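Novice: I am attaching a structure below and will ask some questions about it afterwards.
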Amino acid sequence: MANDTDTTAVPPDLGRAAGATAEPSVTSLLKGILDDALELMKQQFAMLKAEMRSDLHKVVGGIVPLACGIAPMLLGALMLCFALVHLIHWASTPAGAPTADPAHVPLWGCYAIVAGAFLLTGGILLGLGIYRLKSVNPLPDETAKALEENVKWLMNPNPK
């Protein structure tokens, strides 16, 4: 009975209990864990990069008005100095002396009006820049929260 083969033999896959599957090897489990950890690190760095880029745009949005506000403020301060010089000259003119200025507004007043316009413009731009910079948080909060959650999850001794 050399050709005695049992035709009722059960294939190897069907002989296992229902629901039982082949257990993966330790090396494949470790490789999967390392791959997941590397993917998580890549995602964390991508999130950090996106958050830093967003913060950079916010900083630039605050610095531009600050930089644009400095020039009118300096020019206004300089013109205010000229206005003060002309005010002192006007105030020190003797009462009966003839004035050669036929204008209704003295020269110091003209300087003061223009200086006020420059100072107002510069002040508004500086205030806008400071307001925008106060809303910027240089620390990557979302990334830190996500990283903290990941560390808690990794350190959890009783996974559910």
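Here, A, B, ... name the chains of the structure tokens in the order displayed, residue numbers run from 1 inside each chain, and ligands are numbered from 1 in the same displayed order.
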Give the alpha helix (DSSP H) residues of segment 2-157 of chain A, as assigned by DSSP on the backbone, as an MDAnalysis selection string.
Specialist: chainID A and resid 26:91 107:134 141:155
Novice: Can you tell me which residues surround segment 97-112 of chain A at a distance of at most 10 Å, considering only C-alpha atoms, apart from same-chain residues fewer than 6 positions away, and format the answer as a list in words?
Specialist: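 The contact residues come out as Gly76, Ala77, Leu78, Met79, Leu80, Cys81, Phe82, Ala83, Leu84, Val85, His86, Leu87, Ile88, His89, Trp90 and Phe118 of chain A.
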Novice: Print the selection's residues with C-alpha atoms to a file, as a PDB file, in the first residue's frame.
Specialist:
ATOM      1  CA  GLY A  76       7.088 113.732  13.258  1.00  0.00           C
ATOM      2  CA  ALA A  77       9.436 114.096  16.226  1.00  0.00           C
ATOM      3  CA  LEU A  78      11.895 116.058  14.081  1.00  0.00           C
ATOM      4  CA  MET A  79       9.146 118.354  12.797  1.00  0.00           C
ATOM      5  CA  LEU A  80       7.885 118.820  16.349  1.00  0.00           C
ATOM      6  CA  CYS A  81      11.364 120.021  17.277  1.00  0.00           C
ATOM      7  CA  PHE A  82      11.219 122.549  14.417  1.00  0.00           C
ATOM      8  CA  ALA A  83       7.777 123.646  15.593  1.00  0.00           C
ATOM      9  CA  LEU A  84       9.128 124.224  19.090  1.00  0.00           C
ATOM     10  CA  VAL A  85      12.004 126.292  17.695  1.00  0.00           C
ATOM     11  CA  HIS A  86       9.565 128.480  15.725  1.00  0.00           C
ATOM     12  CA  LEU A  87       7.252 128.719  18.748  1.00  0.00           C
ATOM     13  CA  ILE A  88      10.105 130.003  20.886  1.00  0.00           C
ATOM     14  CA  HIS A  89      11.026 132.506  18.169  1.00  0.00           C
ATOM     15  CA  TRP A  90       7.388 133.628  17.813  1.00  0.00           C
ATOM     16  CA  PHE A 118       3.103 112.166  11.133  1.00  0.00           C
TER      17      PHE A 118
END
Novice: Excluding segment 38-41 of chain A and any residue of its chain fewer than 2 positions from it, enumerate the residues within 12 Å of it, using only C-alpha atoms, and give them as a ChimeraX atom specification.
Specialist: /A:31-36,43-48,143,146-147,149-151,154
Novice: Keeping only N, CA and C atoms, write the selected residues to a file as a PDB file, in the first residue's frame.
Specialist:
ATOM      1  N   LYS A  31       9.856  45.616  14.188  1.00  0.00           N
ATOM      2  CA  LYS A  31       9.961  46.424  12.980  1.00  0.00           C
ATOM      3  C   LYS A  31       8.714  47.291  12.816  1.00  0.00           C
ATOM      4  N   GLY A  32       7.554  46.751  13.091  1.00  0.00           N
ATOM      5  CA  GLY A  32       6.313  47.511  13.005  1.00  0.00           C
ATOM      6  C   GLY A  32       6.277  48.650  14.012  1.00  0.00           C
ATOM      7  N   ILE A  33       6.744  48.369  15.231  1.00  0.00           N
ATOM      8  CA  ILE A  33       6.781  49.402  16.267  1.00  0.00           C
ATOM      9  C   ILE A  33       7.739  50.517  15.863  1.00  0.00           C
ATOM     10  N   LEU A  34       8.922  50.153  15.374  1.00  0.00           N
ATOM     11  CA  LEU A  34       9.891  51.156  14.953  1.00  0.00           C
ATOM     12  C   LEU A  34       9.377  51.970  13.763  1.00  0.00           C
ATOM     13  N   ASP A  35       8.726  51.284  12.806  1.00  0.00           N
ATOM     14  CA  ASP A  35       8.158  52.006  11.666  1.00  0.00           C
ATOM     15  C   ASP A  35       7.084  52.992  12.119  1.00  0.00           C
ATOM     16  N   ASP A  36       6.246  52.560  13.052  1.00  0.00           N
ATOM     17  CA  ASP A  36       5.203  53.458  13.574  1.00  0.00           C
ATOM     18  C   ASP A  36       5.816  54.637  14.325  1.00  0.00           C
ATOM     19  N   GLN A  43       5.596  62.861  11.442  1.00  0.00           N
ATOM     20  CA  GLN A  43       4.381  63.667  11.551  1.00  0.00           C
ATOM     21  C   GLN A  43       4.563  64.786  12.576  1.00  0.00           C
ATOM     22  N   GLN A  44       5.244  64.495  13.680  1.00  0.00           N
ATOM     23  CA  GLN A  44       5.501  65.524  14.691  1.00  0.00           C
ATOM     24  C   GLN A  44       6.352  66.653  14.104  1.00  0.00           C
ATOM     25  N   PHE A  45       7.395  66.296  13.347  1.00  0.00           N
ATOM     26  CA  PHE A  45       8.248  67.318  12.748  1.00  0.00           C
ATOM     27  C   PHE A  45       7.495  68.102  11.677  1.00  0.00           C
ATOM     28  N   ALA A  46       6.638  67.437  10.920  1.00  0.00           N
ATOM     29  CA  ALA A  46       5.840  68.148   9.920  1.00  0.00           C
ATOM     30  C   ALA A  46       4.891  69.131  10.597  1.00  0.00           C
ATOM     31  N   MET A  47       4.297  68.715  11.723  1.00  0.00           N
ATOM     32  CA  MET A  47       3.400  69.601  12.451  1.00  0.00           C
ATOM     33  C   MET A  47       4.184  70.774  13.053  1.00  0.00           C
ATOM     34  N   LEU A  48       5.366  70.505  13.581  1.00  0.00           N
ATOM     35  CA  LEU A  48       6.212  71.563  14.128  1.00  0.00           C
ATOM     36  C   LEU A  48       6.596  72.560  13.036  1.00  0.00           C
ATOM     37  N   THR A 143       2.079  71.390  18.855  1.00  0.00           N
ATOM     38  CA  THR A 143       3.055  70.313  18.737  1.00  0.00           C
ATOM     39  C   THR A 143       3.431  69.780  20.114  1.00  0.00           C
ATOM     40  N   ALA A 146       0.575  67.580  21.387  1.00  0.00           N
ATOM     41  CA  ALA A 146       0.537  66.291  20.690  1.00  0.00           C
ATOM     42  C   ALA A 146       1.684  65.400  21.146  1.00  0.00           C
ATOM     43  N   LEU A 147       2.854  65.978  21.311  1.00  0.00           N
ATOM     44  CA  LEU A 147       4.003  65.201  21.780  1.00  0.00           C
ATOM     45  C   LEU A 147       3.763  64.683  23.192  1.00  0.00           C
ATOM     46  N   GLU A 149       0.847  64.007  24.551  1.00  0.00           N
ATOM     47  CA  GLU A 149      -0.120  62.903  24.438  1.00  0.00           C
ATOM     48  C   GLU A 149       0.564  61.623  23.978  1.00  0.00           C
ATOM     49  N   ASN A 150       1.473  61.754  23.008  1.00  0.00           N
ATOM     50  CA  ASN A 150       2.170  60.571  22.506  1.00  0.00           C
ATOM     51  C   ASN A 150       3.047  59.944  23.583  1.00  0.00           C
ATOM     52  N   VAL A 151       3.713  60.772  24.361  1.00  0.00           N
ATOM     53  CA  VAL A 151       4.561  60.243  25.439  1.00  0.00           C
ATOM     54  C   VAL A 151       3.698  59.553  26.490  1.00  0.00           C
ATOM     55  N   LEU A 154       2.682  56.244  25.102  1.00  0.00           N
ATOM     56  CA  LEU A 154       3.788  55.288  25.067  1.00  0.00           C
ATOM     57  C   LEU A 154       4.134  54.792  26.475  1.00  0.00           C
TER      58      LEU A 154
END
Novice: Interatomic distance between atom CA of Leu119 of chain A and atom CA of Gly69 of chain A?
Specialist: 9.0 Å
Novice: For segment 50-65 of chain A, please output as a JSON list (two decimals) with C-alpha atoms, in the first residue's frame all residues within 12 Å (counting only C-alpha atoms; exclusion window: fewer than 4 positions along the same chain).
Specialist:
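Once written, part-v1.json looks like this:
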[["chain", "number", "residue", "atom", "x", "y", "z"],
["A", 43, "GLN", "CA", 4.38, 63.67, 11.55],
["A", 44, "GLN", "CA", 5.50, 65.52, 14.69],
["A", 45, "PHE", "CA", 8.25, 67.32, 12.75],
["A", 46, "ALA", "CA", 5.84, 68.15, 9.92],
["A", 69, "GLY", "CA", 5.62, 103.21, 11.74],
["A", 70, "ILE", "CA", 9.12, 104.11, 12.86],
["A", 71, "ALA", "CA", 9.84, 106.48, 9.94],
["A", 72, "PRO", "CA", 6.73, 108.68, 10.40],
["A", 121, "THR", "CA", 0.21, 107.88, 11.45],
["A", 122, "GLY", "CA", 3.33, 106.42, 13.05],
["A", 123, "GLY", "CA", 1.52, 105.79, 16.33],
["A", 124, "ILE", "CA", -1.29, 103.92, 14.58],
["A", 125, "LEU", "CA", 1.19, 101.76, 12.67],
["A", 126, "LEU", "CA", 3.24, 101.07, 15.81],
["A", 127, "GLY", "CA", 0.10, 100.20, 17.76],
["A", 128, "LEU", "CA", -1.04, 97.84, 14.99],
["A", 129, "GLY", "CA", 2.36, 96.14, 14.94],
["A", 130, "ILE", "CA", 2.44, 95.74, 18.71],
["A", 131, "TYR", "CA", -1.12, 94.38, 18.73],
["A", 132, "ARG", "CA", -0.23, 91.79, 16.09],
["A", 133, "LEU", "CA", 2.99, 90.78, 17.86],
["A", 134, "LYS", "CA", 1.15, 90.26, 21.15],
["A", 135, "SER", "CA", -0.97, 87.57, 19.48],
["A", 136, "VAL", "CA", 2.14, 85.62, 18.44],
["A", 137, "ASN", "CA", 3.19, 82.74, 20.66],
["A", 138, "PRO", "CA", 6.74, 81.68, 19.73],
["A", 139, "LEU", "CA", 6.34, 78.30, 21.41],
["A", 140, "PRO", "CA", 4.76, 75.52, 19.34],
["A", 141, "ASP", "CA", 1.83, 74.77, 21.66],
["A", 142, "GLU", "CA", -0.06, 72.33, 19.44],
["A", 143, "THR", "CA", 3.05, 70.31, 18.74],
["A", 144, "ALA", "CA", 3.95, 70.22, 22.43]]
Novice: Rank A:Ala67, A:Lys42, A:Lys145, A:Met73 by their smallest atom-to-atom distance to Val114 of chain A, using only C-alpha atoms, and report the top residue only.
Specialist: A:Met73
Novice: Record the distance separating atom CA of Ala117 of chain A and atom CA of Leu74 of chain A, expressed in Å with one decimal.
Specialist: 12.1 Å
Novice: So the first atom is atom CA of Ser25 of chain A and the second is atom CA of Lys152 of chain A; what is the distance between them in Å, to one decimal place?
Specialist: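 That distance, rounded to one decimal, is 26.6 Å.
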